[in-house]
>>> print(open('coords_35.txt').read())   # compact mmCIF, C-alpha atoms
# COMPACT_ATOMS: atom_id res chain seq x y z
CA MET A 13 -13.52 -82.72 -56.47
CA SER A 14 -14.68 -86.18 -57.32
CA ILE A 15 -15.31 -88.30 -60.39
CA SER A 16 -18.67 -90.00 -60.75
CA ILE A 17 -18.07 -93.74 -60.43
CA SER A 18 -20.68 -96.36 -61.19
CA PRO A 19 -19.92 -99.90 -60.02
CA LEU A 20 -21.84 -101.29 -62.99
CA ASN A 21 -20.28 -99.14 -65.68
CA PRO A 22 -16.48 -99.45 -65.49
CA THR A 23 -14.49 -96.62 -67.00
CA VAL A 24 -10.88 -95.67 -67.59
CA ILE A 25 -10.02 -93.00 -65.04
CA GLY A 26 -6.60 -91.94 -66.22
CA ASP A 27 -4.37 -93.12 -69.02
CA THR A 28 -1.00 -91.46 -69.45
CA ALA A 29 2.53 -92.56 -70.37
CA ALA A 30 3.28 -92.81 -66.64
CA VAL A 31 0.31 -94.75 -65.28
CA ARG A 32 -3.01 -96.15 -66.40
CA VAL A 33 -5.87 -96.29 -63.88
CA ALA A 34 -8.97 -98.21 -64.88
CA GLN A 35 -12.02 -99.35 -62.97
CA MET A 36 -12.41 -103.12 -63.23
CA ALA A 37 -15.58 -105.01 -64.05
CA PRO A 38 -17.50 -106.16 -60.96
CA VAL A 39 -16.06 -109.20 -59.17
CA GLY A 40 -17.39 -111.40 -56.40
CA ARG A 41 -15.99 -110.73 -52.93
CA LEU A 42 -16.69 -112.58 -49.71
CA SER A 43 -15.49 -111.54 -46.28
CA LEU A 44 -14.64 -114.63 -44.22
CA ARG A 45 -14.07 -114.54 -40.45
CA ALA A 46 -13.04 -117.68 -38.60
CA ARG A 47 -10.87 -118.84 -35.71
CA GLY A 48 -9.50 -122.24 -34.83
CA ASP A 49 -8.58 -125.19 -36.99
CA LEU A 50 -9.10 -124.05 -40.58
CA ALA A 51 -8.82 -127.51 -42.12
CA ALA A 52 -12.57 -127.80 -42.79
CA LEU A 53 -12.65 -124.44 -44.56
CA ASN A 54 -9.52 -125.28 -46.56
CA GLY A 55 -11.22 -128.46 -47.71
CA ALA A 56 -14.42 -126.61 -48.67
CA LEU A 57 -12.54 -123.94 -50.61
CA GLY A 58 -9.99 -126.24 -52.23
CA LEU A 59 -7.09 -124.05 -51.12
CA THR A 60 -5.07 -123.47 -47.96
CA LEU A 61 -6.09 -120.19 -46.30
CA PRO A 62 -2.91 -118.19 -45.69
CA THR A 63 -2.38 -117.38 -42.00
CA LYS A 64 0.27 -114.68 -42.35
CA ILE A 65 -1.30 -111.23 -42.69
CA GLY A 66 -0.67 -109.74 -46.12
CA THR A 67 -0.28 -113.00 -48.03
CA ARG A 68 -2.65 -114.70 -50.45
CA ALA A 69 -3.40 -118.11 -51.94
CA THR A 70 -5.00 -118.87 -55.29
CA ALA A 71 -6.75 -121.93 -56.69
CA GLY A 72 -8.16 -121.47 -60.19
CA ASP A 73 -10.38 -118.37 -60.19
CA LEU A 74 -10.62 -118.28 -56.39
CA SER A 75 -8.20 -116.15 -54.42
CA ALA A 76 -7.96 -115.79 -50.63
CA ALA A 77 -6.05 -112.95 -48.98
CA CYS A 78 -5.35 -112.74 -45.26
CA LEU A 79 -6.18 -109.24 -43.95
CA GLY A 80 -6.19 -109.93 -40.21
CA PRO A 81 -5.53 -112.75 -37.73
CA ASP A 82 -9.04 -114.13 -38.29
CA GLU A 83 -10.10 -112.32 -41.46
CA TRP A 84 -9.84 -113.18 -45.14
CA VAL A 85 -11.23 -111.67 -48.30
CA LEU A 86 -12.12 -114.18 -51.01
CA THR A 87 -12.34 -112.97 -54.59
CA MET A 88 -13.86 -114.89 -57.47
CA PRO A 89 -15.91 -114.28 -60.64
CA GLU A 90 -19.39 -113.01 -59.81
CA GLY A 91 -21.03 -116.20 -61.02
CA ASP A 92 -19.04 -118.36 -58.57
CA VAL A 93 -20.15 -116.59 -55.39
CA ALA A 94 -23.18 -118.77 -54.71
CA GLY A 95 -21.11 -121.94 -55.16
CA VAL A 96 -18.40 -120.80 -52.74
CA GLU A 97 -21.01 -119.71 -50.19
CA ALA A 98 -22.66 -123.13 -50.43
CA ALA A 99 -19.32 -124.92 -50.04
CA LEU A 100 -18.51 -122.90 -46.91
CA ALA A 101 -22.02 -123.47 -45.51
CA GLY A 102 -21.28 -127.20 -45.74
CA ALA A 103 -18.26 -126.72 -43.46
CA TYR A 104 -20.18 -124.67 -40.88
CA ASP A 105 -20.75 -127.56 -38.49
CA ALA A 106 -17.06 -128.46 -38.49
CA LEU A 107 -15.95 -124.86 -37.89
CA PRO A 108 -18.51 -122.10 -37.18
CA HIS A 109 -17.55 -118.99 -39.14
CA SER A 110 -18.98 -115.86 -40.72
CA VAL A 111 -19.27 -115.28 -44.47
CA THR A 112 -20.56 -111.96 -45.81
CA ASN A 113 -21.05 -111.08 -49.45
CA ILE A 114 -19.33 -107.71 -49.89
CA SER A 115 -19.25 -107.76 -53.72
CA ALA A 116 -21.30 -104.58 -54.06
CA ARG A 117 -19.54 -102.72 -51.26
CA GLU A 118 -16.43 -101.83 -53.22
CA VAL A 119 -15.12 -101.04 -56.64
CA THR A 120 -11.67 -102.08 -57.81
CA PHE A 121 -9.20 -99.83 -59.59
CA GLU A 122 -6.41 -101.39 -61.61
CA ILE A 123 -3.22 -99.33 -61.59
CA THR A 124 -0.51 -100.24 -64.09
CA GLY A 125 2.42 -98.55 -65.74
CA PRO A 126 6.06 -97.61 -65.09
CA MET A 127 5.14 -95.07 -62.37
CA ALA A 128 2.44 -97.16 -60.66
CA GLU A 129 4.45 -97.49 -57.45
CA THR A 130 5.11 -93.75 -57.36
CA LEU A 131 1.41 -93.06 -57.83
CA MET A 132 0.65 -95.16 -54.74
CA THR A 133 3.05 -93.05 -52.66
CA ILE A 134 0.98 -89.88 -53.19
CA GLY A 135 -1.72 -91.21 -50.88
CA CYS A 136 -0.40 -94.24 -49.05
CA PRO A 137 1.69 -93.65 -45.90
CA ARG A 138 3.18 -97.16 -46.03
CA ASP A 139 6.64 -97.79 -47.49
CA MET A 140 5.73 -99.28 -50.86
CA ALA A 141 9.02 -101.18 -51.01
CA SER A 142 7.78 -103.23 -48.02
CA MET A 143 5.00 -104.64 -50.19
CA GLY A 144 6.52 -107.32 -52.41
CA GLU A 145 4.82 -108.79 -55.44
CA GLY A 146 1.80 -110.81 -54.36
CA ALA A 147 1.28 -108.84 -51.14
CA VAL A 148 -2.21 -107.72 -50.08
CA ARG A 149 -2.75 -105.13 -47.38
CA ARG A 150 -5.51 -103.09 -45.94
CA THR A 151 -4.09 -99.60 -45.64
CA LEU A 152 -4.93 -95.95 -46.19
CA PHE A 153 -5.04 -93.99 -49.42
CA ASP A 154 -5.44 -90.28 -48.72
CA THR A 155 -7.73 -90.85 -45.69
CA ALA A 156 -9.81 -93.62 -47.33
CA THR A 157 -9.36 -97.19 -46.11
CA VAL A 158 -8.51 -99.40 -49.09
CA VAL A 159 -7.34 -102.93 -49.75
CA LEU A 160 -4.22 -102.76 -51.87
CA TRP A 161 -3.09 -105.73 -53.95
CA ARG A 162 0.36 -105.78 -55.50
CA ASP A 163 0.18 -108.01 -58.57
CA GLY A 164 3.57 -107.09 -60.02
CA ALA A 165 6.39 -104.56 -59.79
CA ASP A 166 4.30 -102.08 -61.82
CA ALA A 167 0.81 -103.43 -61.23
CA PHE A 168 -1.58 -102.80 -58.34
CA ARG A 169 -5.26 -103.27 -57.64
CA MET A 170 -7.12 -101.15 -55.11
CA ASP A 171 -10.48 -102.05 -53.57
CA VAL A 172 -12.27 -98.87 -52.47
CA TRP A 173 -15.62 -98.52 -50.75
CA ASN A 174 -18.24 -97.03 -53.07
CA SER A 175 -18.67 -93.89 -51.04
CA PHE A 176 -14.94 -93.08 -51.27
CA ALA A 177 -14.49 -94.23 -54.88
CA GLY A 178 -15.18 -90.90 -56.57
CA PHE A 179 -12.73 -89.04 -54.35
CA VAL A 180 -10.02 -91.70 -54.67
CA ALA A 181 -10.52 -91.83 -58.47
CA GLN A 182 -10.10 -88.06 -58.68
CA THR A 183 -6.90 -88.22 -56.63
CA LEU A 184 -5.52 -91.01 -58.82
CA GLU A 185 -6.46 -89.19 -62.01
CA THR A 186 -4.70 -86.02 -60.84
CA GLY A 187 -1.66 -88.11 -59.91
CA CYS A 188 -1.61 -89.75 -63.36
CA ARG A 189 -1.39 -86.37 -65.05
CA GLU A 190 1.19 -85.02 -62.58
CA LEU A 191 3.47 -88.01 -63.07
CA ALA A 192 3.14 -87.85 -66.86
CA ALA A 193 4.09 -84.16 -66.71
CA ASP A 194 7.10 -85.07 -64.56
CA MET A 195 8.18 -87.70 -67.08
CA ALA A 196 7.77 -85.27 -69.99
CA ARG A 197 9.82 -82.63 -68.17
CA ALA A 198 12.57 -85.13 -67.37
CA GLY A 199 12.61 -86.08 -71.06
CA MET B 24 5.23 -89.38 -38.24
CA LEU B 25 5.51 -92.10 -35.60
CA LEU B 26 6.27 -95.64 -36.68
CA ILE B 27 4.36 -98.27 -34.69
CA HIS B 28 5.02 -102.00 -34.64
CA CYS B 29 1.81 -104.03 -34.99
CA PRO B 30 2.26 -107.29 -33.06
CA TYR B 31 -0.33 -109.02 -35.27
CA CYS B 32 0.98 -107.87 -38.68
CA GLU B 33 4.57 -108.18 -37.36
CA GLU B 34 5.45 -105.03 -39.26
CA THR B 35 6.43 -101.50 -38.30
CA LEU B 36 3.96 -99.16 -39.96
CA PRO B 37 3.11 -95.46 -40.09
CA GLU B 38 0.98 -93.94 -37.34
CA ALA B 39 -1.71 -92.94 -39.88
CA GLU B 40 -2.92 -96.56 -39.98
CA PHE B 41 -3.47 -96.63 -36.20
CA ALA B 42 -5.87 -95.12 -33.69
CA TYR B 43 -5.21 -94.47 -29.99
CA ALA B 44 -7.65 -96.25 -27.70
CA GLY B 45 -6.97 -95.16 -24.14
CA GLN B 46 -5.23 -96.66 -21.13
CA ALA B 47 -4.49 -100.38 -21.19
CA HIS B 48 -5.13 -103.00 -18.50
CA VAL B 49 -8.37 -101.44 -17.26
CA ILE B 50 -10.14 -104.58 -16.09
CA ARG B 51 -13.92 -104.83 -16.07
CA PRO B 52 -15.28 -106.08 -12.73
CA GLU B 53 -16.24 -109.75 -12.73
CA ASN B 54 -19.41 -109.03 -10.74
CA PRO B 55 -20.65 -105.63 -11.96
CA SER B 56 -23.76 -105.52 -9.76
CA GLY B 57 -21.60 -105.94 -6.65
CA GLU B 58 -19.58 -102.79 -7.31
CA THR B 59 -20.05 -99.61 -5.30
CA ASP B 60 -20.48 -96.19 -6.93
CA GLU B 61 -16.89 -95.35 -5.99
CA GLN B 62 -15.60 -98.52 -7.66
CA TRP B 63 -17.60 -97.72 -10.81
CA GLU B 64 -16.23 -94.20 -10.81
CA GLU B 65 -12.72 -95.63 -10.57
CA PHE B 66 -13.37 -98.10 -13.39
CA LEU B 67 -15.10 -95.69 -15.75
CA PHE B 68 -13.40 -92.36 -15.25
CA ILE B 69 -10.17 -92.46 -13.27
CA ARG B 70 -7.10 -92.79 -15.49
CA GLU B 71 -3.41 -92.53 -14.77
CA ASN B 72 -2.47 -89.69 -17.13
CA PRO B 73 1.27 -90.05 -16.45
CA LYS B 74 4.09 -87.88 -17.67
CA GLY B 75 6.41 -90.60 -18.89
CA PRO B 76 5.97 -94.30 -19.70
CA HIS B 77 2.31 -95.22 -20.19
CA TYR B 78 0.67 -98.59 -20.87
CA GLU B 79 -1.98 -97.88 -23.48
CA ARG B 80 -4.20 -99.48 -26.13
CA TRP B 81 -3.90 -98.85 -29.84
CA ARG B 82 -5.93 -100.19 -32.71
CA HIS B 83 -4.55 -101.00 -36.16
CA ILE B 84 -7.80 -99.65 -37.57
CA HIS B 85 -6.71 -99.15 -41.20
CA GLY B 86 -4.93 -102.51 -41.28
CA CYS B 87 -5.64 -105.78 -39.52
CA GLY B 88 -8.26 -104.09 -37.30
CA ARG B 89 -6.83 -105.47 -34.06
CA PHE B 90 -6.52 -103.82 -30.67
CA PHE B 91 -3.12 -104.27 -29.04
CA ASN B 92 -1.20 -102.75 -26.15
CA ALA B 93 1.81 -100.49 -26.21
CA LEU B 94 4.25 -98.99 -23.74
CA ARG B 95 4.87 -95.40 -24.85
CA ASP B 96 6.61 -92.47 -23.23
CA THR B 97 4.11 -89.60 -23.25
CA VAL B 98 6.92 -87.03 -23.17
CA SER B 99 9.18 -88.27 -25.96
CA ASP B 100 6.51 -90.30 -27.84
CA ARG B 101 8.98 -93.17 -27.92
CA PHE B 102 7.38 -96.61 -28.16
CA TYR B 103 9.29 -99.01 -25.91
CA THR B 104 7.32 -102.04 -27.05
CA THR B 105 3.98 -103.25 -28.35
CA TYR B 106 2.33 -106.55 -27.46
CA LYS B 107 -0.85 -108.47 -28.20
CA ALA B 108 -4.03 -107.86 -26.22
CA GLY B 109 -4.30 -110.29 -23.31
CA GLU B 110 -0.55 -110.68 -22.84
CA PRO B 111 0.88 -109.67 -19.45
CA ARG B 112 2.13 -106.15 -18.88
CA PRO B 113 5.86 -106.09 -19.75
CA ASP B 114 8.27 -104.81 -17.12
CA LEU B 115 9.30 -101.23 -17.75
CA SER B 116 12.83 -101.79 -16.42
CA ASP B 117 13.50 -104.18 -19.32
CA PHE B 118 13.35 -101.24 -21.70
CA LEU B 119 14.89 -98.34 -19.81
CA GLY B 120 18.43 -99.79 -19.80
CA ASP B 121 21.00 -97.15 -19.00
CA ASP B 122 18.38 -94.41 -18.69
CA ALA B 123 16.90 -95.92 -15.52
>>> encode(input="coords_35.txt", output="structure tokens")
Amino acid sequence: MSISISPLNPTVIGDTAAVRVAQMAPVGRLSLRARGDLAALNGALGLTLPTKIGTRATAGDLSAACLGPDEWVLTMPEGDVAGVEAALAGAYDALPHSVTNISAREVTFEITGPMAETLMTIGCPRDMASMGEGAVRRTLFDTATVVLWRDGADAFRMDVWNSFAGFVAQTLETGCRELAADMARAG
Amino acid sequence: MLLIHCPYCEETLPEAEFAYAGQAHVIRPENPSGETDEQWEEFLFIRENPKGPHYERWRHIHGCGRFFNALRDTVSDRFYTTYKAGEPRPDLSDFLGDDA
């Protein structure tokens, strides 16, 4: 029970009147861990790292989401990764930190449509209403750890580790069809 | 499902995001080589296992990833409070109120 997912060959997983689930093209992701005065890192990145868990900051193509008290995930176009790594390396003396390129670790699913929030509830134990627009959380989706981004009332992105991606895609695809059937029955 | 308050996320979240991690406030000896076998046994293996309020560690493993401490009643599963790792043990009587 899993769909074959290739990180390099994005596909549409489900597309119904209720929800559309599509795998996104590869993006650059860096995991940043740091403690202390973040000013040097903020200067290197050109944005203010959010310190409240679940919030994010954006500057141009670069986005930083706070996942833990000392943990951020930075997303950017693939071509910008080397530049961001170099900028952070320049701030290492001011604030020692850890930067790991996790671009290839995960694939991202984009979930949009009028029933997108309902689709999330089939696998996510969290109260979806507690995630406002712009929120980012690491949470569970049907036993797989995922990073869930809420981009709008009806728009989510989900970062899933490669090894779980086929299973999660299958679950989402089944949910797409179930919700479309529900909508059709309700008229 | 239990709802657990993560002191780092400052949110009350479903139990599925958390993992239990044993008794809290078990302190590693400052001078390990000076410990006797009996003291090591006590440190490694002897736990309280109470029926009632229990100070214990939890980890928000599918969330912020942090370990924190909780005061939970092992009979009713009620969480009296949760607090960050390293903070002092809260006084049980603060939470029992009229039940005490």
>>> interface_residues(input="coords_35.txt", of="chain A", to="chain B", cutoff="12 Å", atoms="only C-alpha atoms", output="ChimeraX atom specification")
/A:63-67,77-85,135-140,142-143,148-160
>>> residues_around(input="coords_35.txt", residues="Ala99 (chain A)", least_positions_apart="5", cutoff="9 Å", atoms="all atoms listed in the file", output="PDB file with C-alpha atoms, in the coordinates of the input")
ATOM      1  CA  LEU A  53     -12.650-124.440 -44.560  1.00  0.00           C
ATOM      2  CA  ALA A  56     -14.420-126.610 -48.670  1.00  0.00           C
ATOM      3  CA  LEU A  57     -12.540-123.940 -50.610  1.00  0.00           C
ATOM      4  CA  ALA A  94     -23.180-118.770 -54.710  1.00  0.00           C
TER       5      ALA A  94
END
>>> residues_around(input="coords_35.txt", residues="region 45-47 of chain B", least_positions_apart="4", cutoff="12 Å", atoms="only C-alpha atoms", output="number ranges by chain")
B: 51, 66-73, 76-82, 90-95, 97, 105-113
>>> atom_distance(input="coords_35.txt", atom1="CA of Ala196 (chain A)", atom2="CA of Leu184 (chain A)")
18.3 Å
>>> atom_distance(input="coords_35.txt", atom1="CA of Thr124 (chain A)", atom2="CA of Arg32 (chain A)")
5.3 Å
>>> closest_residue(input="coords_35.txt", among="A:Val93, A:Ile15, A:Leu131, A:Ala116", to="Val31 (chain A)", atoms="only C-alpha atoms")
A:Leu131
>>> atom_distance(input="coords_35.txt", atom1="CA of Arg117 (chain A)", atom2="CA of Leu20 (chain A)")
12.0 Å
>>> closest_residue(input="coords_35.txt", among="A:Arg189, A:Thr130, A:Phe168, A:Ala37", to="Ala147 (chain A)", atoms="all atoms listed in the file")
A:Phe168
>>> residues_around(input="coords_35.txt", residues="Met88 (chain A)", least_positions_apart="6", cutoff="6 Å", atoms="all atoms listed in the file", output="list in words")
Gly40, Asp73 and Leu74 of chain A
>>> build_atoms(input="coords_35.txt", residues="region 175-190 of chain A", atoms="N, CA and C atoms", output="PDB file, in the coordinates of the input")
ATOM      1  N   SER A 175     -18.486 -95.288 -51.422  1.00  0.00           N
ATOM      2  CA  SER A 175     -18.670 -93.890 -51.040  1.00  0.00           C
ATOM      3  C   SER A 175     -17.364 -93.096 -51.142  1.00  0.00           C
ATOM      4  N   PHE A 176     -16.213 -93.783 -51.137  1.00  0.00           N
ATOM      5  CA  PHE A 176     -14.940 -93.080 -51.270  1.00  0.00           C
ATOM      6  C   PHE A 176     -14.427 -93.119 -52.711  1.00  0.00           C
ATOM      7  N   ALA A 177     -15.087 -93.902 -53.584  1.00  0.00           N
ATOM      8  CA  ALA A 177     -14.490 -94.230 -54.880  1.00  0.00           C
ATOM      9  C   ALA A 177     -14.302 -92.990 -55.758  1.00  0.00           C
ATOM     10  N   GLY A 178     -15.289 -92.087 -55.745  1.00  0.00           N
ATOM     11  CA  GLY A 178     -15.180 -90.900 -56.570  1.00  0.00           C
ATOM     12  C   GLY A 178     -13.998 -90.029 -56.171  1.00  0.00           C
ATOM     13  N   PHE A 179     -13.837 -89.860 -54.862  1.00  0.00           N
ATOM     14  CA  PHE A 179     -12.730 -89.040 -54.350  1.00  0.00           C
ATOM     15  C   PHE A 179     -11.379 -89.690 -54.669  1.00  0.00           C
ATOM     16  N   VAL A 180     -11.292 -91.003 -54.415  1.00  0.00           N
ATOM     17  CA  VAL A 180     -10.020 -91.700 -54.670  1.00  0.00           C
ATOM     18  C   VAL A 180      -9.705 -91.669 -56.174  1.00  0.00           C
ATOM     19  N   ALA A 181     -10.728 -91.858 -57.018  1.00  0.00           N
ATOM     20  CA  ALA A 181     -10.520 -91.830 -58.470  1.00  0.00           C
ATOM     21  C   ALA A 181      -9.986 -90.471 -58.907  1.00  0.00           C
ATOM     22  N   GLN A 182     -10.566 -89.406 -58.323  1.00  0.00           N
ATOM     23  CA  GLN A 182     -10.100 -88.060 -58.680  1.00  0.00           C
ATOM     24  C   GLN A 182      -8.640 -87.870 -58.297  1.00  0.00           C
ATOM     25  N   THR A 183      -8.287 -88.345 -57.092  1.00  0.00           N
ATOM     26  CA  THR A 183      -6.900 -88.220 -56.630  1.00  0.00           C
ATOM     27  C   THR A 183      -5.955 -88.997 -57.552  1.00  0.00           C
ATOM     28  N   LEU A 184      -6.365 -90.202 -57.936  1.00  0.00           N
ATOM     29  CA  LEU A 184      -5.520 -91.010 -58.820  1.00  0.00           C
ATOM     30  C   LEU A 184      -5.383 -90.361 -60.194  1.00  0.00           C
ATOM     31  N   GLU A 185      -6.483 -89.798 -60.669  1.00  0.00           N
ATOM     32  CA  GLU A 185      -6.460 -89.190 -62.010  1.00  0.00           C
ATOM     33  C   GLU A 185      -5.522 -87.977 -62.009  1.00  0.00           C
ATOM     34  N   THR A 186      -5.605 -87.167 -60.953  1.00  0.00           N
ATOM     35  CA  THR A 186      -4.700 -86.020 -60.840  1.00  0.00           C
ATOM     36  C   THR A 186      -3.246 -86.509 -60.805  1.00  0.00           C
ATOM     37  N   GLY A 187      -3.017 -87.569 -60.016  1.00  0.00           N
ATOM     38  CA  GLY A 187      -1.660 -88.110 -59.910  1.00  0.00           C
ATOM     39  C   GLY A 187      -1.137 -88.622 -61.238  1.00  0.00           C
ATOM     40  N   CYS A 188      -1.993 -89.259 -62.019  1.00  0.00           N
ATOM     41  CA  CYS A 188      -1.610 -89.750 -63.360  1.00  0.00           C
ATOM     42  C   CYS A 188      -1.069 -88.607 -64.202  1.00  0.00           C
ATOM     43  N   ARG A 189      -1.797 -87.500 -64.203  1.00  0.00           N
ATOM     44  CA  ARG A 189      -1.390 -86.370 -65.050  1.00  0.00           C
ATOM     45  C   ARG A 189      -0.122 -85.726 -64.503  1.00  0.00           C
ATOM     46  N   GLU A 190      -0.011 -85.605 -63.188  1.00  0.00           N
ATOM     47  CA  GLU A 190       1.190 -85.020 -62.580  1.00  0.00           C
ATOM     48  C   GLU A 190       2.435 -85.834 -62.947  1.00  0.00           C
TER      49      GLU A 190
END
